[in-house]
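Dropping structure37.cif in here (mmCIF, C-alpha atoms):
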data_entry
loop_
_atom_site.label_atom_id
_atom_site.label_comp_id
_atom_site.auth_asym_id
_atom_site.auth_seq_id
_atom_site.Cartn_x
_atom_site.Cartn_y
_atom_site.Cartn_z
CA MET Z 1 81.12 97.86 128.24
CA SER Z 2 83.46 99.63 125.83
CA ASP Z 3 85.28 97.43 123.29
CA ASN Z 4 88.60 98.77 124.58
CA ALA Z 5 87.88 98.23 128.28
CA ALA Z 6 89.29 94.93 129.54
CA PRO Z 7 86.97 93.14 132.02
CA LYS Z 8 88.28 92.50 135.50
CA ASN Z 9 89.21 89.02 136.61
CA VAL Z 10 86.01 88.66 138.62
CA PRO Z 11 83.84 85.52 138.49
CA ARG Z 12 80.48 86.24 136.88
CA GLY Z 13 77.19 84.44 136.58
CA LEU Z 14 73.63 85.34 135.68
CA ARG Z 15 71.49 82.60 137.22
CA PRO Z 16 71.08 83.10 140.95
CA THR Z 17 70.57 79.38 141.63
CA LEU Z 18 73.93 78.40 140.08
CA PRO Z 19 77.48 79.20 141.26
CA LYS Z 20 79.53 81.76 139.38
CA ARG Z 21 82.26 80.60 137.04
CA PRO Z 22 85.67 80.03 138.68
CA GLU Z 23 88.20 82.84 138.74
CA MET Z 24 91.12 82.44 136.35
CA GLU Z 25 94.61 81.94 137.71
CA GLU Z 26 96.48 85.24 137.77
CA ASP Z 27 99.19 84.12 135.31
CA ALA Z 28 96.57 83.10 132.76
CA TRP Z 29 94.66 86.35 133.25
CA THR Z 30 97.84 88.39 132.74
CA ARG Z 31 98.54 86.61 129.45
CA ILE Z 32 94.97 87.26 128.31
CA GLN Z 33 95.28 90.94 129.16
CA ARG Z 34 98.47 91.18 127.09
CA GLU Z 35 96.63 89.71 124.10
CA GLN Z 36 93.74 92.10 124.64
CA ASP Z 37 96.14 95.05 124.65
CA LYS Z 38 97.51 93.96 121.27
CA MET Z 39 94.02 94.15 119.80
CA LYS Z 40 93.29 97.74 120.78
CA GLU Z 41 94.68 99.03 117.48
CA ARG Z 42 92.66 96.58 115.38
CA GLU Z 43 89.44 97.72 113.77
CA PHE Z 44 85.97 96.36 113.20
CA VAL Z 45 84.94 96.61 109.56
CA ARG Z 46 81.46 96.60 108.06
CA PHE Z 47 80.21 96.72 104.50
CA THR Z 48 76.55 97.75 104.48
CA VAL Z 49 74.83 97.14 101.13
CA LEU Z 50 71.51 98.98 100.88
CA LYS Z 51 68.56 98.73 98.51
CA LEU Z 52 65.93 101.43 98.02
CA ASP Z 53 62.22 100.67 97.75
CA PRO Z 54 61.30 101.95 94.24
CA ALA Z 55 58.07 103.39 95.65
CA TRP Z 56 60.18 106.10 97.33
CA ARG Z 57 60.79 107.67 93.93
CA ARG Z 58 57.08 108.45 93.65
CA LEU Z 59 57.14 110.64 96.74
CA PRO Z 60 57.00 114.42 96.18
CA HIS Z 61 60.36 115.98 95.31
CA VAL Z 62 60.33 118.17 98.45
CA GLU Z 63 59.85 115.14 100.71
CA ARG Z 64 62.61 113.16 99.00
CA HIS Z 65 64.91 116.17 99.30
CA LYS Z 66 64.31 116.31 103.06
CA HIS Z 67 65.04 112.59 103.39
CA LYS Z 68 68.34 113.06 101.59
CA ASP Z 69 69.30 116.06 103.71
CA GLU Z 70 68.68 114.15 106.93
CA PHE Z 71 70.55 111.03 105.79
CA GLU Z 72 73.51 113.01 104.42
CA ALA Z 73 73.80 115.08 107.60
CA LEU Z 74 73.72 111.99 109.79
CA VAL Z 75 76.47 110.22 107.81
CA GLY Z 76 78.55 113.41 107.87
CA GLU Z 77 78.18 113.70 111.63
CA TRP Z 78 79.21 110.10 112.31
CA GLY Z 79 82.00 110.37 109.75
CA ARG Z 80 83.83 112.79 112.04
CA SER Z 81 84.44 110.02 114.60
CA MET Z 82 84.70 106.86 112.46
CA MET Z 83 85.57 105.88 108.90
CA ILE Z 84 82.61 105.97 106.50
CA TYR Z 85 82.96 105.93 102.71
CA ALA Z 86 80.04 105.80 100.27
CA TYR Z 87 79.95 103.94 96.96
CA SER Z 88 77.16 103.93 94.41
CA LEU Z 89 76.07 100.56 93.03
CA VAL Z 90 73.61 102.13 90.61
CA GLY Z 91 74.41 100.66 87.21
CA THR Z 92 76.48 97.72 88.51
CA ARG Z 93 74.05 95.72 90.69
CA GLY Z 94 70.38 94.92 90.30
CA ASP Z 95 69.72 94.02 93.93
CA ALA Z 96 71.39 96.97 95.66
CA ASP Z 97 71.84 100.74 95.22
CA PHE Z 98 74.71 101.87 97.43
CA LEU Z 99 77.35 100.60 99.82
CA LEU Z 100 78.77 102.11 103.00
CA TRP Z 101 82.28 101.00 103.96
CA GLN Z 102 82.83 101.57 107.68
CA ALA Z 103 85.67 100.98 110.12
CA SER Z 104 85.96 101.68 113.84
CA ARG Z 105 87.82 100.37 116.86
CA SER Z 106 84.48 100.24 118.66
CA LEU Z 107 81.82 97.66 117.84
CA ASP Z 108 79.41 99.72 119.94
CA GLN Z 109 79.98 102.63 117.56
CA LEU Z 110 79.11 100.54 114.50
CA HIS Z 111 75.96 99.38 116.27
CA SER Z 112 74.93 102.91 117.19
CA PHE Z 113 75.57 104.19 113.67
CA ALA Z 114 73.41 101.43 112.16
CA ALA Z 115 70.65 102.20 114.66
CA ALA Z 116 70.84 105.89 113.78
CA LEU Z 117 70.45 105.11 110.07
CA ASN Z 118 67.41 102.99 110.85
CA GLY Z 119 65.86 105.98 112.60
CA THR Z 120 65.98 108.27 109.58
CA ALA Z 121 63.02 108.84 107.30
CA LEU Z 122 64.96 107.37 104.37
CA GLY Z 123 65.85 104.36 106.52
CA GLY Z 124 62.21 103.36 106.40
CA TRP Z 125 62.53 102.92 102.64
CA LEU Z 126 65.79 100.96 102.70
CA SER Z 127 66.38 97.22 102.94
CA LEU Z 128 69.65 95.42 103.64
CA PRO Z 129 70.12 92.67 101.04
CA HIS Z 130 73.78 92.16 102.00
CA SER Z 131 75.90 92.98 105.04
CA TYR Z 132 79.44 91.86 105.86
CA PHE Z 133 81.17 92.19 109.23
CA ALA Z 134 84.86 91.59 109.90
CA MET Z 135 88.00 92.69 111.78
CA THR Z 136 91.49 93.66 110.76
CA LYS Z 137 94.29 91.25 111.60
CA ARG Z 138 97.90 90.59 110.65
CA SER Z 139 98.17 87.72 108.18
CA ILE Z 140 99.57 84.40 109.37
CA TYR Z 141 101.43 84.10 106.06
CA VAL Z 142 104.84 85.64 105.42
CA ASN Z 143 105.13 87.97 102.44
CA ARG Z 144 108.44 86.82 101.01
CA TYR Z 145 108.21 89.42 98.25
CA GLU Z 146 107.63 92.43 100.49
CA ALA Z 147 111.20 93.75 100.34
CA GLU Z 148 111.22 93.44 96.54
CA TYR Z 149 107.84 95.19 96.33
CA ILE Z 150 108.97 98.08 98.55
CA SER Z 151 112.18 98.53 96.53
CA LYS Z 152 110.10 98.82 93.34
CA TYR Z 153 107.09 100.79 94.52
CA GLY Z 154 107.87 102.17 98.01
CA GLY Z 155 105.36 102.46 100.84
CA GLY Z 156 107.23 100.47 103.46
CA ASP Z 157 106.51 102.91 106.28
CA ALA Z 158 102.76 102.46 105.91
CA LEU Z 159 102.61 98.68 105.47
CA ASP Z 160 102.57 97.63 109.12
CA SER Z 161 99.83 100.03 110.19
CA ALA Z 162 97.79 99.09 107.11
CA ARG Z 163 97.54 95.54 108.40
CA ILE Z 164 95.56 96.56 111.47
CA ALA Z 165 93.83 99.77 110.34
CA ILE Z 166 91.80 100.36 107.19
CA ASN Z 167 93.36 103.17 105.17
CA PRO Z 168 91.68 103.56 101.76
CA GLN Z 169 93.80 105.04 98.97
CA GLY Z 170 90.88 106.97 97.49
CA SER Z 171 90.49 105.11 94.20
CA LYS Z 172 87.53 105.73 91.94
CA TYR Z 173 86.24 102.17 92.27
CA LEU Z 174 85.84 99.65 95.08
CA PHE Z 175 85.47 95.91 94.43
CA VAL Z 176 84.16 93.88 97.37
CA TYR Z 177 83.31 90.22 97.92
CA PRO Z 178 83.09 87.74 100.81
CA MET Z 179 85.25 84.64 100.67
CA ALA Z 180 85.80 81.33 102.43
CA LYS Z 181 88.29 78.50 101.94
CA THR Z 182 87.42 74.81 101.78
CA ARG Z 183 88.00 72.50 104.74
CA ALA Z 184 90.63 70.75 102.65
CA TRP Z 185 92.69 73.97 102.78
CA TYR Z 186 92.92 73.77 106.55
CA GLU Z 187 93.90 70.10 106.42
CA LEU Z 188 97.10 71.07 104.61
CA SER Z 189 100.25 71.80 106.59
CA HIS Z 190 101.12 75.43 107.20
CA ASP Z 191 104.20 75.01 105.00
CA ASP Z 192 102.06 73.81 102.08
CA ARG Z 193 99.64 76.71 102.51
CA GLN Z 194 102.55 79.17 102.76
CA ARG Z 195 104.03 77.78 99.53
CA MET Z 196 100.74 78.34 97.70
CA MET Z 197 100.32 81.78 99.22
CA ASP Z 198 103.82 82.66 97.98
CA GLU Z 199 102.54 82.21 94.43
CA HIS Z 200 99.33 84.07 95.22
CA ILE Z 201 101.25 87.04 96.65
CA ARG Z 202 103.76 87.08 93.80
CA VAL Z 203 100.96 87.28 91.23
CA GLY Z 204 99.20 90.03 93.18
CA HIS Z 205 102.34 92.16 93.25
CA ALA Z 206 102.23 92.44 89.46
CA TRP Z 207 99.27 94.80 89.91
CA PRO Z 208 100.64 97.37 92.42
CA ASP Z 209 97.98 99.91 91.46
CA VAL Z 210 95.21 97.59 92.71
CA LYS Z 211 95.20 97.95 96.49
CA LEU Z 212 93.92 95.05 98.58
CA ASN Z 213 92.22 95.48 101.96
CA THR Z 214 91.65 92.12 103.66
CA SER Z 215 89.54 91.77 106.79
CA TYR Z 216 88.73 88.62 108.74
CA SER Z 217 85.32 87.25 109.73
CA TYR Z 218 85.99 83.84 111.33
CA GLY Z 219 83.05 83.23 113.66
CA LEU Z 220 81.88 86.85 113.39
CA ASP Z 221 79.92 86.42 110.16
CA ASP Z 222 79.13 83.75 107.57
CA GLN Z 223 82.30 84.24 105.49
CA GLU Z 224 85.92 83.87 106.58
CA PHE Z 225 87.25 86.99 104.83
CA VAL Z 226 85.93 90.14 103.23
CA VAL Z 227 88.25 91.41 100.53
CA ALA Z 228 88.02 94.95 99.20
CA PHE Z 229 90.16 95.99 96.23
CA GLU Z 230 90.61 99.62 95.20
CA SER Z 231 91.56 100.74 91.69
CA ASP Z 232 90.96 103.55 89.25
CA HIS Z 233 90.74 101.05 86.40
CA PRO Z 234 88.20 98.18 86.52
CA GLY Z 235 90.05 96.37 83.76
CA ARG Z 236 93.18 96.14 85.91
CA PHE Z 237 91.17 94.54 88.71
CA LEU Z 238 89.50 92.11 86.28
CA ASP Z 239 92.87 91.03 84.87
CA LEU Z 240 94.29 90.56 88.37
CA LEU Z 241 91.39 88.32 89.40
CA MET Z 242 91.76 86.26 86.23
CA ALA Z 243 95.46 85.76 87.00
CA LEU Z 244 94.70 84.76 90.59
CA ARG Z 245 92.11 82.20 89.43
CA VAL Z 246 94.81 79.97 87.96
CA THR Z 247 96.99 79.93 91.08
CA GLU Z 248 97.12 76.71 93.08
CA ALA Z 249 95.54 78.32 96.17
CA SER Z 250 92.49 79.37 94.17
CA ALA Z 251 91.42 75.72 93.87
CA PHE Z 252 90.70 75.77 97.62
CA THR Z 253 88.17 78.63 97.42
CA LEU Z 254 84.76 77.58 98.72
CA PHE Z 255 82.95 80.74 97.61
CA ASP Z 256 83.79 84.30 96.61
CA THR Z 257 80.42 85.79 95.69
CA PRO Z 258 78.42 87.99 95.59
CA ALA Z 259 80.74 90.59 94.14
CA PHE Z 260 80.14 94.34 94.22
CA THR Z 261 81.59 97.06 91.99
CA GLY Z 262 81.11 100.45 93.65
CA LEU Z 263 81.77 103.93 92.32
CA ALA Z 264 83.28 106.25 94.96
CA VAL Z 265 80.89 109.16 95.46
CA SER Z 266 79.98 111.77 98.02
CA MET Z 267 77.05 110.70 100.16
CA ARG Z 268 74.90 113.33 98.44
CA ASP Z 269 75.80 112.18 94.96
CA GLY Z 270 75.01 108.61 95.98
CA LEU Z 271 71.61 109.66 97.28
CA ASP Z 272 70.88 111.73 94.18
CA ALA Z 273 71.54 108.67 92.05
CA LEU Z 274 68.59 106.99 93.80
CA GLY Z 275 66.12 109.45 92.29
#

Could you express the structure from this file as structure tokens?
Amino acid sequence: MSDNAAPKNVPRGLRPTLPKRPEMEEDAWTRIQREQDKMKEREFVRFTVLKLDPAWRRLPHVERHKHKDEFEALVGEWGRSMMIYAYSLVGTRGDADFLLWQASRSLDQLHSFAAALNGTALGGWLSLPHSYFAMTKRSIYVNRYEAEYISKYGGGDALDSARIAINPQGSKYLFVYPMAKTRAWYELSHDDRQRMMDEHIRVGHAWPDVKLNTSYSYGLDDQEFVVAFESDHPGRFLDLLMALRVTEASAFTLFDTPAFTGLAVSMRDGLDALG
């Protein structure tokens, strides 16, 4: 079934010896359908972190060249129907070589793309030390500084769509890490969490050139969020993270590692960096 196709309100069951589940009342089903319609614009997001078997570098040059051609062509083909950006991790990580940032409204499409990569000759030489899966979603916290930010830096027209669709700004570097909050965070009242997020947002606005892309993983993957920052200057990102560390909300972070610093590259340049 397509991700965008709402199932009918028909009782279903798989075991022939047991009765099917009861049909929902029509009012409840109508409300569910309205919520499903709201989600059609949201996207599934995946960060695929790949590691090359060093033995691949000892293959003949001609064979490695063919592997690269096939892999590059496949990514280019899929990139016409979904978002795919490549980042080299060569020189910044010891356990991974490149990262593919993907976004699509269809989970089936992400699955099919991953299966296609597995079927390439190069795919046989790649392992997956890290993988993060998430969805876009509007934040439950109010940005009380949004009007002030827009008056200073602009961009108001694009803010709403950016909350439900990934729209990279094309920076030279991408900084990615998974994150989860402690249980104590969720025991606080919403007002207390909003107050702490006010400080967190205010600090973040002091670095308008560092663009944040937040996606949500509750129940979909091991983390609660995957955060991806874009910037042309790694030092600006480093200083922002240091400033955020001393905010009150930061004390409720359960984990925010591993962290990846990727260099934006063409798929071919990323493959050439492998050897």

| field | Residue contacts of range 53-65 of chain Z (9 Å, all atoms listed in the file) excluding same-chain residues fewer than 6 positions away, as a list in words | value |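 The neighbour list is Leu122, Trp125, Leu126, Ser127, Leu274 and Gly275 of chain Z.
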
Could you write out the selected residues, including C-alpha atoms, as a PDB file, keeping the file's coordinate frame?
ATOM      1  CA  LEU Z 122      64.960 107.370 104.370  1.00  0.00           C
ATOM      2  CA  TRP Z 125      62.530 102.920 102.640  1.00  0.00           C
ATOM      3  CA  LEU Z 126      65.790 100.960 102.700  1.00  0.00           C
ATOM      4  CA  SER Z 127      66.380  97.220 102.940  1.00  0.00           C
ATOM      5  CA  LEU Z 274      68.590 106.990  93.800  1.00  0.00           C
ATOM      6  CA  GLY Z 275      66.120 109.450  92.290  1.00  0.00           C
TER       7      GLY Z 275
END

| Given the PyMOL selection byres ((chain Z and resi 66-83) around 9), the residues it picks as a count of residues only | 26

| Among the residues Z:Tyr173, Z:Leu128, Z:Gly13, Z:His200, the one that comes closest to Ser88 in chain Z [using only C-alpha atoms] |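 Closest residue, counting only C-alpha atoms: Z:Tyr173.
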
| Which polymer residues, protein or nucleic acid, are no farther than 10 Å from (98.5, 102.7, 88.9), counting all atoms listed in the file, as a PyMOL selection string? | chain Z and resi 171+207-211+231-233+236

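Remark: for Lys181 in chain Z, the closest of the candidate residues Z:Thr253, Z:Gln33, Z:Thr261, Z:Gln194 is Z:Thr253 (distances computed over all atoms listed in the file).
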
| message | Here's the selection I'm unsure about, the PyMOL selection byres ((chain Z and resi 135) around 6); applied to the file above, which residues does it give, as a PyMOL selection string? | response | chain Z and resi 43-45+134+136+215-216

For the residues selected in the previous step, produce a file with C-alpha atoms as a PDB file, in the coordinates of the input.
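Writing done, so here's selection-v4.pdb:
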ATOM      1  CA  GLU Z  43      89.440  97.720 113.770  1.00  0.00           C
ATOM      2  CA  PHE Z  44      85.970  96.360 113.200  1.00  0.00           C
ATOM      3  CA  VAL Z  45      84.940  96.610 109.560  1.00  0.00           C
ATOM      4  CA  ALA Z 134      84.860  91.590 109.900  1.00  0.00           C
ATOM      5  CA  THR Z 136      91.490  93.660 110.760  1.00  0.00           C
ATOM      6  CA  SER Z 215      89.540  91.770 106.790  1.00  0.00           C
ATOM      7  CA  TYR Z 216      88.730  88.620 108.740  1.00  0.00           C
TER       8      TYR Z 216
END

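This file gives the following result for the PyMOL selection byres ((chain Z and resi 180) around 9): Pro178, Met179, Lys181, Thr182, Asp222, Gln223, Glu224, Phe225, Val226, Phe252, Thr253, Leu254, Phe255 and Asp256 of chain Z.
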
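As for CA of Lys8 in chain Z and CA of Glu26 in chain Z, they are spaced 11.2 Å apart.
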
What lies within 8 Å of range 96-98 of chain Z using all atoms listed in the file, ignoring chain neighbours under 3 positions off, as a tab-separated table (two decimals) with C-alpha atoms, keeping the file's coordinate frame?
chain	number	residue	atom	x	y	z
Z	49	VAL	CA	74.83	97.14	101.13
Z	50	LEU	CA	71.51	98.98	100.88
Z	51	LYS	CA	68.56	98.73	98.51
Z	52	LEU	CA	65.93	101.43	98.02
Z	86	ALA	CA	80.04	105.80	100.27
Z	87	TYR	CA	79.95	103.94	96.96
Z	88	SER	CA	77.16	103.93	94.41
Z	89	LEU	CA	76.07	100.56	93.03
Z	90	VAL	CA	73.61	102.13	90.61
Z	93	ARG	CA	74.05	95.72	90.69
Z	129	PRO	CA	70.12	92.67	101.04
Z	262	GLY	CA	81.11	100.45	93.65
Z	270	GLY	CA	75.01	108.61	95.98
Z	274	LEU	CA	68.59	106.99	93.80

| field | Distance of CA of Pro234 in chain Z from CA of Ser266 in chain Z, expressed in Å to one decimal place | value |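 Between CA of Ser266 in chain Z and CA of Pro234 in chain Z the gap works out to 19.6 Å.
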
Since fewer atoms than expected are present, regenerate N, CA and C atoms for range 109-129 of chain Z and write them as a PDB file, keeping the file's coordinate frame.
ATOM      1  N   GLN Z 109      80.172 101.492 118.452  1.00  0.00           N
ATOM      2  CA  GLN Z 109      79.980 102.630 117.560  1.00  0.00           C
ATOM      3  C   GLN Z 109      79.324 102.194 116.246  1.00  0.00           C
ATOM      4  N   LEU Z 110      79.747 101.052 115.711  1.00  0.00           N
ATOM      5  CA  LEU Z 110      79.110 100.540 114.500  1.00  0.00           C
ATOM      6  C   LEU Z 110      77.641 100.240 114.744  1.00  0.00           C
ATOM      7  N   HIS Z 111      77.351  99.667 115.905  1.00  0.00           N
ATOM      8  CA  HIS Z 111      75.960  99.380 116.270  1.00  0.00           C
ATOM      9  C   HIS Z 111      75.136 100.659 116.345  1.00  0.00           C
ATOM     10  N   SER Z 112      75.671 101.658 117.014  1.00  0.00           N
ATOM     11  CA  SER Z 112      74.930 102.910 117.190  1.00  0.00           C
ATOM     12  C   SER Z 112      74.721 103.627 115.859  1.00  0.00           C
ATOM     13  N   PHE Z 113      75.716 103.569 114.983  1.00  0.00           N
ATOM     14  CA  PHE Z 113      75.570 104.190 113.670  1.00  0.00           C
ATOM     15  C   PHE Z 113      74.464 103.502 112.869  1.00  0.00           C
ATOM     16  N   ALA Z 114      74.451 102.165 112.884  1.00  0.00           N
ATOM     17  CA  ALA Z 114      73.410 101.430 112.160  1.00  0.00           C
ATOM     18  C   ALA Z 114      72.033 101.754 112.717  1.00  0.00           C
ATOM     19  N   ALA Z 115      71.933 101.863 114.045  1.00  0.00           N
ATOM     20  CA  ALA Z 115      70.650 102.200 114.660  1.00  0.00           C
ATOM     21  C   ALA Z 115      70.209 103.603 114.267  1.00  0.00           C
ATOM     22  N   ALA Z 116      71.172 104.525 114.171  1.00  0.00           N
ATOM     23  CA  ALA Z 116      70.840 105.890 113.780  1.00  0.00           C
ATOM     24  C   ALA Z 116      70.324 105.943 112.344  1.00  0.00           C
ATOM     25  N   LEU Z 117      70.933 105.166 111.448  1.00  0.00           N
ATOM     26  CA  LEU Z 117      70.450 105.110 110.070  1.00  0.00           C
ATOM     27  C   LEU Z 117      69.031 104.563 110.005  1.00  0.00           C
ATOM     28  N   ASN Z 118      68.759 103.557 110.823  1.00  0.00           N
ATOM     29  CA  ASN Z 118      67.410 102.990 110.850  1.00  0.00           C
ATOM     30  C   ASN Z 118      66.375 104.015 111.283  1.00  0.00           C
ATOM     31  N   GLY Z 119      66.787 104.990 112.083  1.00  0.00           N
ATOM     32  CA  GLY Z 119      65.860 105.980 112.600  1.00  0.00           C
ATOM     33  C   GLY Z 119      65.570 107.135 111.673  1.00  0.00           C
ATOM     34  N   THR Z 120      66.240 107.183 110.527  1.00  0.00           N
ATOM     35  CA  THR Z 120      65.980 108.270 109.580  1.00  0.00           C
ATOM     36  C   THR Z 120      64.729 107.970 108.760  1.00  0.00           C
ATOM     37  N   ALA Z 121      64.189 109.025 108.165  1.00  0.00           N
ATOM     38  CA  ALA Z 121      63.020 108.840 107.300  1.00  0.00           C
ATOM     39  C   ALA Z 121      63.369 107.974 106.094  1.00  0.00           C
ATOM     40  N   LEU Z 122      64.548 108.185 105.506  1.00  0.00           N
ATOM     41  CA  LEU Z 122      64.960 107.370 104.370  1.00  0.00           C
ATOM     42  C   LEU Z 122      65.181 105.923 104.785  1.00  0.00           C
ATOM     43  N   GLY Z 123      65.634 105.716 106.027  1.00  0.00           N
ATOM     44  CA  GLY Z 123      65.850 104.360 106.520  1.00  0.00           C
ATOM     45  C   GLY Z 123      64.617 103.494 106.427  1.00  0.00           C
ATOM     46  N   GLY Z 124      63.444 104.105 106.517  1.00  0.00           N
ATOM     47  CA  GLY Z 124      62.210 103.360 106.400  1.00  0.00           C
ATOM     48  C   GLY Z 124      61.939 102.832 105.008  1.00  0.00           C
ATOM     49  N   TRP Z 125      62.676 103.338 104.030  1.00  0.00           N
ATOM     50  CA  TRP Z 125      62.530 102.920 102.640  1.00  0.00           C
ATOM     51  C   TRP Z 125      63.687 102.051 102.164  1.00  0.00           C
ATOM     52  N   LEU Z 126      64.611 101.734 103.064  1.00  0.00           N
ATOM     53  CA  LEU Z 126      65.790 100.960 102.700  1.00  0.00           C
ATOM     54  C   LEU Z 126      65.738  99.549 103.256  1.00  0.00           C
ATOM     55  N   SER Z 127      66.185  98.592 102.467  1.00  0.00           N
ATOM     56  CA  SER Z 127      66.380  97.220 102.940  1.00  0.00           C
ATOM     57  C   SER Z 127      67.873  96.904 102.896  1.00  0.00           C
ATOM     58  N   LEU Z 128      68.234  95.790 103.503  1.00  0.00           N
ATOM     59  CA  LEU Z 128      69.650  95.420 103.640  1.00  0.00           C
ATOM     60  C   LEU Z 128      69.859  94.040 103.013  1.00  0.00           C
ATOM     61  N   PRO Z 129      69.979  93.981 101.686  1.00  0.00           N
ATOM     62  CA  PRO Z 129      70.120  92.670 101.040  1.00  0.00           C
ATOM     63  C   PRO Z 129      71.437  91.961 101.352  1.00  0.00           C
TER      64      PRO Z 129
END
